[in-house]
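Below is one structure, written out as structure tokens; the observations come after it.
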Protein chains: 2
Amino acid sequence: MMKIYDAPTGPYPARVRIALGEKNLQSCVEFVLVDLWKGEHKKPEFLAKNYSGTLPVLELDDGTFLAECTAITEYLDALDGAPTLAGGTPREKGLIHMMSKRAELELLDAVSVYFHHATPGLGPDVEIYQNAEWGFHQRAKALKGMHYFDGILKSRPFVAGEAFSMADITVIGGLIFAGLVALPVPAECEALQAWYARMQERPSVKNRVTMSEH
Amino acid sequence: MMKIYDAPTGPYPARVRIALGEKNLQSCVEFVLVDLWKGEHKKPEFLAKNYSGTLPVLELDDGTFLAECTAITEYLDALDGAPTLAGGTPREKGLIHMMSKRAELELLDAVSVYFHHATPGLGPDVEIYQNAEWGFHQRAKALKGMHYFDGILKSRPFVAGEAFSMADITVIGGLIFAGLVALPVPAECEALQAWYARMQERPSVKNRVTMSEH
């Protein structure tokens, strides 16, 4: 059985948990808790699994470790030969990867940098280097990113077009993280708010945290 | 005919130029020069093509703009129905996407941040916000990343395994950028140096800059 090393409420873990739910693969994995607040993800034992020291990590049956949400999602999405999250045609693949990467750059990763650099983050034992100015710069970028995605969602039902995809999952991850750091979606971003309300009704999104309690 | 908006010697443009060469698609695109030193990539006309203000951008025949190297590579690699750069099996896709993303995080993007934040970068008119401390932090990360990839290449012929892939292209982009900012591969990283020498013999890598002069 495959293993997922993660933390149930983490925004990056959420991306893979949502992908698992969308692909109906939740019963094919066993979850292994990594305690972020104790910095377990920065210790040598975990770094041997993922050099970058981030969650989540997927361990395959053959012992291969896959890190990075996009990579794990590509793997899970391809398993049944019928990709629904990462695109089928070349144009879909291109648009989904672009919008998902843009959601990292302009929203999710920016919120993450804000959290780890301009707030206490995971506490002094884990946050051994902080650059608060950079953190606040990224906070501003994330707010601007919310307005960008609001504009996108005024003209489309989903982030990369007409269908739910990995790009929606990445924006959801961004808004989950924004919620954790009290950086709410601005009131004027009505399309983004309406989309997020719709997303939270999806079973994969709704059940992501409790997925591991079986 | 498709268009590529780029700068011939840029490290990120190199990633797409190498992908074009590997897929033998160079005659299917027209190159449009964007002058980085004049900050053309940060002006409204270009931001309408790519919100993030980065090169390269691929314009499809239908007017769709694709930004982000990974997304463009996914598109180009899928066009002929025979992917060679982004992986065929789920496991290949997962490993290639992981290693390519890791090459961005730990090397290419780190060198880029160093260049734009802790050196004059593209000059004062373009670099309107700099955070030198963050830039030097990323420089150290990139050097550590070189040692990581050296370790990987001690045990494998290519970055993601037995075959050339998008992950090799991303590390090549990182070393191209490192060369531009005088951050050479440390002498002790012999496996990385030997791999890079081999990579520079590939026609796609050797001919990338002159590709647009036809």
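In the structure tokens, each chain is lettered A, B, ... as it comes, each chain's residues begin at 1, and ligands are numbered from 1 in order of appearance.
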
Inset, instruction - Write out as an MDAnalysis selection string the residues lying within 9 Å of A:Asn131, counting only C-alpha atoms and excluding same-chain residues fewer than 6 positions away. - result: (chainID A and resid 116:118) or (chainID B and resid 133:134)

Expected file contents, prior selection, C-alpha atoms, as a compact mmCIF listing (two decimals), in the first residue's frame:
```txt
# COMPACT_ATOMS: atom_id res chain seq x y z
CA HIS A 116 7.28 31.40 7.47
CA HIS A 117 9.03 34.78 7.31
CA ALA A 118 6.76 37.53 8.62
CA GLU B 133 19.80 39.55 2.16
CA TRP B 134 17.24 37.24 0.55
```

Legend entry - Non-local contacts of stretch 179-183 of chain A (9 Å; only C-alpha atoms; under 3 positions in same chain excluded) as a ChimeraX atom specification: /A:11,111,114-115,119,139,143,174-176,186

What are the nearest atom pairs, with distances in Å to one decimal, for all residues of chain A that come at most 8 Å from chain B, using only C-alpha atoms, set out by chain and rising residue number as a Markdown table?
```
| residue | atom | partner | partner_atom | distance |
| --- | --- | --- | --- | --- |
| A:Ser52 | CA | B:Arg102 | CA | 7.4 |
| A:Leu66 | CA | B:Leu95 | CA | 6.6 |
| A:Ala67 | CA | B:Met98 | CA | 6.0 |
| A:Glu68 | CA | B:Met98 | CA | 5.7 |
| A:Thr70 | CA | B:His97 | CA | 7.0 |
| A:Ala71 | CA | B:Gly94 | CA | 4.5 |
| A:Ile72 | CA | B:Gly94 | CA | 5.8 |
| A:Thr73 | CA | B:Gly94 | CA | 7.9 |
| A:Glu74 | CA | B:Gly94 | CA | 5.9 |
| A:Tyr75 | CA | B:Pro90 | CA | 4.6 |
| A:Leu76 | CA | B:Pro90 | CA | 7.3 |
| A:Asp77 | CA | B:Pro90 | CA | 8.0 |
| A:Ala78 | CA | B:Pro90 | CA | 5.2 |
| A:Leu79 | CA | B:Pro90 | CA | 5.9 |
| A:Thr89 | CA | B:Ala78 | CA | 7.6 |
| A:Pro90 | CA | B:Tyr75 | CA | 4.6 |
| A:Arg91 | CA | B:Tyr75 | CA | 6.1 |
| A:Lys93 | CA | B:Tyr75 | CA | 6.2 |
| A:Gly94 | CA | B:Ala71 | CA | 4.5 |
| A:Leu95 | CA | B:Leu66 | CA | 6.6 |
| A:Ile96 | CA | B:Ala71 | CA | 7.6 |
| A:His97 | CA | B:Ala71 | CA | 4.8 |
| A:Met98 | CA | B:Ala71 | CA | 5.1 |
| A:Lys101 | CA | B:Glu68 | CA | 7.2 |
| A:Arg102 | CA | B:Ser52 | CA | 7.4 |
| A:Glu106 | CA | B:Ser52 | CA | 7.7 |
| A:Asn131 | CA | B:Trp134 | CA | 7.1 |
| A:Glu133 | CA | B:Asn131 | CA | 8.0 |
| A:Trp134 | CA | B:Asn131 | CA | 7.1 |
```

Legend entry - Spatial neighbours of stretch 205-214 of chain B, max dist 8 Å, only C-alpha atoms, sep filter under 4 positions, as a list in words: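 The contact residues come out as Pro8, Thr9, Ala14, Arg17, Ile18, Gly21, Gln26, Glu30, Phe31, Met199, Gln200 and Glu201 of chain B.
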
Legend entry - Option closest in space to B:Ala194, from B:Asp150, B:Asp125, B:Glu162, B:Asp168 [counting only C-alpha atoms]: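 Going through B:Asp150, B:Asp125, B:Glu162, B:Asp168 one by one, the smallest distance to B:Ala194 is for B:Asp150.
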